[in-house]
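Since the structure comes first, as structure tokens, the remarks are kept for the end.
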Amino acid sequence: MKNNINTIAKLKLLISRLIVYTVLIFLSFLCLFFFYLMFINSSRSNAQLQAGFTMIPGGNALKNFINAWNDSSISIPVGMKNSFIVACLSAILTSYFSALTAYGTYVYNFRFKKLIHLFILAIMMIPSQVSAVGFIQLAFKYHLTNKLWMLIIPSIAAPSVYFYMRQYLEATLPLEMVEAARIDGSNEFKIFNQIVLPIMKPAIAVQMIFSFVGSWNNYFMPALLLNDAQKKTVPVMIATLRSADYSKFDMGKVYMLMVMAILPVMVIYMILSKSIIKGVTSGSVKG
Amino acid sequence: MAEVLLKNIKKIYSNTESKNRGRGLFRKKKAGEEEKKINLQITDEGVVAVQQFSLDIKDNEFIVLVGPSGCGKSTTLRMVAGLEEITSGELYIDGKLVNDVEPKDRDIAMVFQSYALYPHMTVYDNMAYSLKIKKVPKDEIDRKVREAAEILDITQYLDRKPKALSGGQRQRVAIGRAIVRNPKVLLMDEPLSNLDAKLRNQMRSELIKLRQRINTTFIYVTHDQIEAMTLGDRIVVMKDGYIQQIGTPQQVFDHPANLFVSGFIGTPQMNYFDARLTLKNGRYFVDIDDLSIELGEEKQQRLKDNEVKEQDIILGVRPEHLVISDKGIKGRVDVSELMGSSCHLHMTVKGKDVITIVPTEGKSTDYAGKELLLSFDGNVAHVFSKETQKNLEY
């Protein structure tokens, strides 16, 4: 009798595990399959790609790479450099200033503080495409197109990053620590830079990687603002390759450029992954 | 060290401020924190947290502000620290008016209940932080930090981060961070509250030793009356933003100014009886049931000086001063708690709960259910006015 109960319990556990693993494998497949497909396609020639879909890598990876690198309509090093400048500066400035704003509304008491907080959050609800119209008009009117800083400056004001930082501060920063630093003789900026920022390191790492990826992959604004070949970022260059005329069109080249575009993001993600996991889970458990 | 003078200090949290405040009196309740019972005066201007607070703290004195949660003791300390604005009144440190002086320029140090150590810095860096800001030479910083670490016995932890320390060690670091600057005034806001009972006792005696080693003026906030009694040169008992009594621990214990002080200071709490104060041949007596006890000489003199008349009173007697006698107030023991060297008897006397402490003296006596007669000495009886609840000695 006891053995029977044990067998049934084991069977139930096995079935539940089977279901869980099936779902997890399916989700992992959904996430990874398209990456795999991209890597496979980047190693196939245009003719092979036209012929149909396959899971087996082709032998044209190097050729695709050389073709993409030597394409006269784009310059990959320039695109990479531009993307790096925009993504790095956006990530650093967004994280720093959002943390500073969050610190301001969390630590200080001033009139209309709640209103300001709500206003910032309300901006989150407005799609960037809506505000982009006015911004593009402004850029054209004052001849500010083809300038990388026009992509960097607006990204500094990021309500979602602010909201995340504020939540993180509420969970991790006791106000006594700020007061202790004040009594220790620190001024307000030093308190933020020397005491608060190091405490926020995991949150900043998370938001930096998200901002970096967001900026790196951003196509919408750069496509509207940048038309000088020397100023184009990688996503704009991919689009340029795709829209090449039919006689020159090489899908293998486009896939290779895509692979090259995601590699830096993957490297940065791998470097910061520990901090990201720490940042995402922090505050959930009392330390 | 420095003299600290508080003159008629008042603190009002304006209505908007009280809504916005995320700390202090109105801060959100944290896990494990007791509910704050707020019974403060609310005016058109806002909530009055502290009022009519006047106190002259001498050089090198150890002052303890004690009172229940929400009585304004921490607010007062924070005003001295410069972390709260003073609504009205004057605050002098070392003869200088500091109402509008920034905390960093007051030459004070503060130890917080939550330690407030910088988690990303080592113990050494935590202690050296204020000196680095002052741009003190490196070798002097090193000397001062090691000296303070030596006093607090934390030298071996200097390279560790706070998370690698126990509660008691963290508290020592917090104290070290404060004393390393050699401040004029050292403020402590319930520094032992987060420690367990054993560690608290140990740290209490460490604080007494520390006090003997460093020359500074201490202002210490606690809700624990044992800390107040053992640490303070003088203690300030507060309630609802008002000072109830200022005095040495002995004065406050022996001559509590009112019913609140008498109940707050002393464990277990003082027992109260309805009684009558009578005058017989120019001598004061307390009459309760058939018992008539002549008050002690000191009390006789104080009552005489105040020209106190015969009246109904609230009689207060501390549990350790009630003795089992052949003649006295009759009561029934409900519960008997053996505490080791003594026994706490929870009794019902004239419909009221009364506690008395009797020494066990090596005998095991079960008092539960017994009827006993209780008496007391005239020196330890406290007479409070029924109308004002004030001690009639004052």
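To be explicit about the labels: the chains of the structure tokens are called A, B, and onward in the order shown, and within each one the residues are counted from 1, while ligands get numbers from 1 in the order they are shown.
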Chain B contacts to chain A at 6 Å (only C-alpha atoms) as a ChimeraX atom specification:
/B:103-104,116,130
Using DSSP secondary structure from the backbone, list all helix (DSSP H, G or I) positions within range 122-325 of chain B, as an mmCIF file with C-alpha atoms, in the first residue's frame.
data_model
loop_
_atom_site.group_PDB
_atom_site.id
_atom_site.type_symbol
_atom_site.label_atom_id
_atom_site.label_comp_id
_atom_site.auth_asym_id
_atom_site.auth_seq_id
_atom_site.Cartn_x
_atom_site.Cartn_y
_atom_site.Cartn_z
ATOM 1 C CA VAL B 123 35.044 49.666 8.147
ATOM 2 C CA TYR B 124 38.234 51.726 7.789
ATOM 3 C CA ASP B 125 36.762 53.849 4.999
ATOM 4 C CA ASN B 126 33.505 54.278 6.888
ATOM 5 C CA MET B 127 35.405 55.659 9.850
ATOM 6 C CA ALA B 128 37.771 57.731 7.748
ATOM 7 C CA TYR B 129 35.088 59.259 5.507
ATOM 8 C CA SER B 130 34.424 62.404 7.526
ATOM 9 C CA LEU B 131 38.146 63.042 7.988
ATOM 10 C CA LYS B 132 38.805 62.614 4.255
ATOM 11 C CA ILE B 133 36.124 65.199 3.530
ATOM 12 C CA LYS B 138 46.442 60.651 5.437
ATOM 13 C CA ASP B 139 48.771 59.629 8.272
ATOM 14 C CA GLU B 140 46.644 61.531 10.777
ATOM 15 C CA ILE B 141 43.487 59.859 9.443
ATOM 16 C CA ASP B 142 45.182 56.509 9.834
ATOM 17 C CA ARG B 143 46.258 57.287 13.393
ATOM 18 C CA LYS B 144 42.815 58.525 14.427
ATOM 19 C CA VAL B 145 40.950 55.610 12.832
ATOM 20 C CA ARG B 146 43.238 53.050 14.456
ATOM 21 C CA GLU B 147 42.976 54.821 17.795
ATOM 22 C CA ALA B 148 39.162 54.766 17.680
ATOM 23 C CA ALA B 149 39.188 51.154 16.474
ATOM 24 C CA GLU B 150 41.424 50.283 19.406
ATOM 25 C CA ILE B 151 39.015 51.892 21.896
ATOM 26 C CA LEU B 152 36.095 49.972 20.415
ATOM 27 C CA THR B 155 40.860 46.770 14.801
ATOM 28 C CA GLN B 156 40.624 43.273 13.329
ATOM 29 C CA TYR B 157 37.562 44.237 11.281
ATOM 30 C CA PRO B 162 29.648 46.190 7.064
ATOM 31 C CA LYS B 163 27.666 43.228 5.709
ATOM 32 C CA ALA B 164 30.372 40.899 7.037
ATOM 33 C CA GLY B 167 24.885 43.752 14.722
ATOM 34 C CA GLY B 168 27.066 44.556 17.726
ATOM 35 C CA GLN B 169 30.166 45.026 15.584
ATOM 36 C CA ARG B 170 28.266 47.279 13.197
ATOM 37 C CA GLN B 171 27.117 49.382 16.110
ATOM 38 C CA ARG B 172 30.721 49.719 17.288
ATOM 39 C CA VAL B 173 31.719 50.859 13.809
ATOM 40 C CA ALA B 174 28.912 53.414 13.857
ATOM 41 C CA ILE B 175 30.172 54.702 17.199
ATOM 42 C CA GLY B 176 33.747 54.628 15.881
ATOM 43 C CA ARG B 177 32.728 56.687 12.877
ATOM 44 C CA ALA B 178 31.271 59.233 15.271
ATOM 45 C CA ILE B 179 34.121 59.453 17.793
ATOM 46 C CA ALA B 197 18.870 41.733 24.860
ATOM 47 C CA LYS B 198 22.229 40.186 25.747
ATOM 48 C CA LEU B 199 24.194 42.317 23.328
ATOM 49 C CA ARG B 200 22.304 45.402 24.462
ATOM 50 C CA ASN B 201 23.401 44.844 28.055
ATOM 51 C CA GLN B 202 26.975 44.339 26.911
ATOM 52 C CA MET B 203 26.968 47.432 24.701
ATOM 53 C CA ARG B 204 25.434 49.472 27.503
ATOM 54 C CA SER B 205 28.405 48.792 29.735
ATOM 55 C CA GLU B 206 30.727 49.456 26.773
ATOM 56 C CA LEU B 207 29.102 52.856 26.381
ATOM 57 C CA ILE B 208 29.720 53.625 30.039
ATOM 58 C CA LYS B 209 33.390 52.725 29.560
ATOM 59 C CA LEU B 210 33.549 54.723 26.328
ATOM 60 C CA ARG B 211 32.132 57.725 28.070
ATOM 61 C CA GLN B 212 34.964 57.571 30.609
ATOM 62 C CA ARG B 213 37.550 57.420 27.823
ATOM 63 C CA GLN B 225 14.182 53.379 30.815
ATOM 64 C CA ILE B 226 16.935 50.987 31.918
ATOM 65 C CA GLU B 227 19.319 52.582 29.415
ATOM 66 C CA ALA B 228 18.221 55.981 30.630
ATOM 67 C CA MET B 229 18.789 55.126 34.275
ATOM 68 C CA THR B 230 22.157 53.455 33.779
ATOM 69 C CA LEU B 231 23.748 55.814 31.264
ATOM 70 C CA PRO B 249 18.146 59.071 37.510
ATOM 71 C CA GLN B 250 17.859 58.839 41.285
ATOM 72 C CA GLN B 251 15.769 62.029 41.523
ATOM 73 C CA VAL B 252 13.432 60.885 38.775
ATOM 74 C CA PHE B 253 13.058 57.458 40.331
ATOM 75 C CA ASP B 254 12.588 58.651 43.904
ATOM 76 C CA LEU B 259 1.875 60.088 37.323
ATOM 77 C CA PHE B 260 3.292 59.602 33.807
ATOM 78 C CA VAL B 261 6.927 59.764 34.948
ATOM 79 C CA SER B 262 6.243 57.470 37.882
ATOM 80 C CA GLY B 263 4.725 54.891 35.538
ATOM 81 C CA PHE B 264 7.338 55.236 32.817
ATOM 82 C CA GLU B 297 10.921 63.143 56.642
ATOM 83 C CA GLU B 298 11.977 64.343 53.177
ATOM 84 C CA LYS B 299 8.433 64.026 51.880
ATOM 85 C CA GLN B 300 7.000 65.696 55.014
ATOM 86 C CA GLN B 301 9.239 68.689 54.391
ATOM 87 C CA ARG B 302 8.422 68.932 50.676
ATOM 88 C CA LEU B 303 4.658 68.737 51.306
ATOM 89 C CA LYS B 304 4.929 71.275 54.107
ATOM 90 C CA ASP B 305 6.866 73.661 51.864
ATOM 91 C CA PRO B 319 6.394 46.846 43.340
ATOM 92 C CA GLU B 320 9.727 46.332 45.120
ATOM 93 C CA HIS B 321 8.554 48.584 47.967
#
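The shell of residues at most 10 Å from Leu372 in chain B, with only C-alpha atoms counted and near chain neighbours (fewer than 3 positions) removed, consists of Val323, Ile324, Ser325, Asp326, Lys327, Gly328, Ile329, Lys330, Gly331, Arg332, Val333, Met347, Val349, Tyr367, Gly369 and Ser375 of chain B.
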Keeping only N, CA and C atoms, take the residues you just selected and write them out as an mmCIF file, in the first residue's frame.
data_model
loop_
_atom_site.group_PDB
_atom_site.id
_atom_site.type_symbol
_atom_site.label_atom_id
_atom_site.label_comp_id
_atom_site.auth_asym_id
_atom_site.auth_seq_id
_atom_site.Cartn_x
_atom_site.Cartn_y
_atom_site.Cartn_z
ATOM 1 N N VAL B 323 5.508 45.298 50.726
ATOM 2 C CA VAL B 323 5.971 44.124 51.481
ATOM 3 C C VAL B 323 4.774 43.374 52.079
ATOM 4 N N ILE B 324 4.962 42.066 52.195
ATOM 5 C CA ILE B 324 3.911 41.254 52.820
ATOM 6 C C ILE B 324 3.986 41.500 54.326
ATOM 7 N N SER B 325 2.818 41.783 54.907
ATOM 8 C CA SER B 325 2.823 42.209 56.310
ATOM 9 C C SER B 325 1.639 41.564 57.059
ATOM 10 N N ASP B 326 1.614 41.761 58.379
ATOM 11 C CA ASP B 326 0.489 41.232 59.168
ATOM 12 C C ASP B 326 -0.713 42.161 59.069
ATOM 13 N N LYS B 327 -0.409 43.407 58.789
ATOM 14 C CA LYS B 327 -1.478 44.409 58.736
ATOM 15 C C LYS B 327 -1.303 45.214 57.444
ATOM 16 N N GLY B 328 -2.351 45.415 56.707
ATOM 17 C CA GLY B 328 -2.182 46.195 55.480
ATOM 18 C C GLY B 328 -3.358 46.057 54.532
ATOM 19 N N ILE B 329 -3.087 46.324 53.262
ATOM 20 C CA ILE B 329 -4.130 46.277 52.228
ATOM 21 C C ILE B 329 -4.252 44.823 51.773
ATOM 22 N N LYS B 330 -5.528 44.376 51.733
ATOM 23 C CA LYS B 330 -5.739 42.970 51.416
ATOM 24 C C LYS B 330 -5.794 42.763 49.893
ATOM 25 N N GLY B 331 -5.142 41.717 49.443
ATOM 26 C CA GLY B 331 -5.163 41.400 48.008
ATOM 27 C C GLY B 331 -5.033 39.912 47.785
ATOM 28 N N ARG B 332 -5.432 39.496 46.553
ATOM 29 C CA ARG B 332 -5.387 38.066 46.230
ATOM 30 C C ARG B 332 -4.383 37.862 45.087
ATOM 31 N N VAL B 333 -3.517 36.862 45.252
ATOM 32 C CA VAL B 333 -2.494 36.604 44.225
ATOM 33 C C VAL B 333 -3.134 35.828 43.068
ATOM 34 N N MET B 347 -1.341 40.614 41.598
ATOM 35 C CA MET B 347 -2.451 40.506 42.551
ATOM 36 C C MET B 347 -3.619 41.392 42.142
ATOM 37 N N VAL B 349 -5.980 43.949 43.990
ATOM 38 C CA VAL B 349 -6.166 44.669 45.255
ATOM 39 C C VAL B 349 -7.228 45.741 45.035
ATOM 40 N N TYR B 367 2.694 31.251 45.891
ATOM 41 C CA TYR B 367 1.765 32.262 46.401
ATOM 42 C C TYR B 367 0.422 32.241 45.664
ATOM 43 N N GLY B 369 -3.118 32.156 44.350
ATOM 44 C CA GLY B 369 -4.402 31.905 44.992
ATOM 45 C C GLY B 369 -4.475 32.371 46.440
ATOM 46 N N SER B 375 1.911 46.062 52.812
ATOM 47 C CA SER B 375 2.199 47.337 53.462
ATOM 48 C C SER B 375 3.416 47.979 52.791
#
For range 154-161 of chain A, work out the shell of residues within 10 Å, counting only C-alpha atoms and skipping chain neighbours fewer than 2 positions away, then give it as a PyMOL selection string.
chain A and resi 86-87+89-99+101-102+117+119-125+135+149-152+163-167+203-204+206-208+210-211+214-215
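Taking CA of Glu3 in chain B and CA of Pro183 in chain B as endpoints, the distance between them is 12.3 Å.
CA of Gly232 in chain B is positioned 5.2 Å from CA of Phe62 in chain B.
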8 Å contact set for Ala275 in chain B, only C-alpha atoms, chain neighbours under 3 positions out, as a PyMOL selection string:
chain B and resi 286-288+312-315
For Ala61 in chain A: contacts at 12 Å, only C-alpha atoms, fewer than 3 positions along chain excluded, given as a PyMOL selection string:
chain A and resi 38-46+57-58+64-68+251-257+259-260
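When only C-alpha atoms are used to compute distances to Lys231 in chain A, the closest of the residues A:Leu13, A:Ile85, A:Val78, A:Ile136 turns out to be A:Val78.
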So what do you get for CA of Val317 in chain B versus CA of Thr388 in chain B, distance-wise?
18.3 Å
With only C-alpha atoms as the counted atoms, please give the residues lying no more than 6 Å from Ile235 in chain B, apart from itself and same-chain residues fewer than 4 positions off, as a VMD selection string.
chain B and resid 63 to 65 246 to 248
Just N, CA and C atoms for this one: save the residues we selected as a tab-separated table (two decimals), in the first residue's frame.
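New file out-v9.tsv:
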chain	number	residue	atom	x	y	z
B	63	ILE	N	23.41	63.32	28.74
B	63	ILE	CA	21.98	63.57	28.89
B	63	ILE	C	21.20	62.51	28.12
B	64	VAL	N	20.20	61.98	28.76
B	64	VAL	CA	19.36	60.98	28.07
B	64	VAL	C	17.95	61.54	27.91
B	65	LEU	N	17.48	61.54	26.66
B	65	LEU	CA	16.08	61.91	26.41
B	65	LEU	C	15.29	60.61	26.35
B	246	ILE	N	13.07	66.78	34.42
B	246	ILE	CA	14.52	66.72	34.18
B	246	ILE	C	15.16	66.44	35.53
B	247	GLY	N	16.04	65.49	35.60
B	247	GLY	CA	16.70	65.22	36.88
B	247	GLY	C	17.68	64.07	36.77
B	248	THR	N	18.40	63.83	37.85
B	248	THR	CA	19.30	62.67	37.86
B	248	THR	C	18.42	61.42	37.90
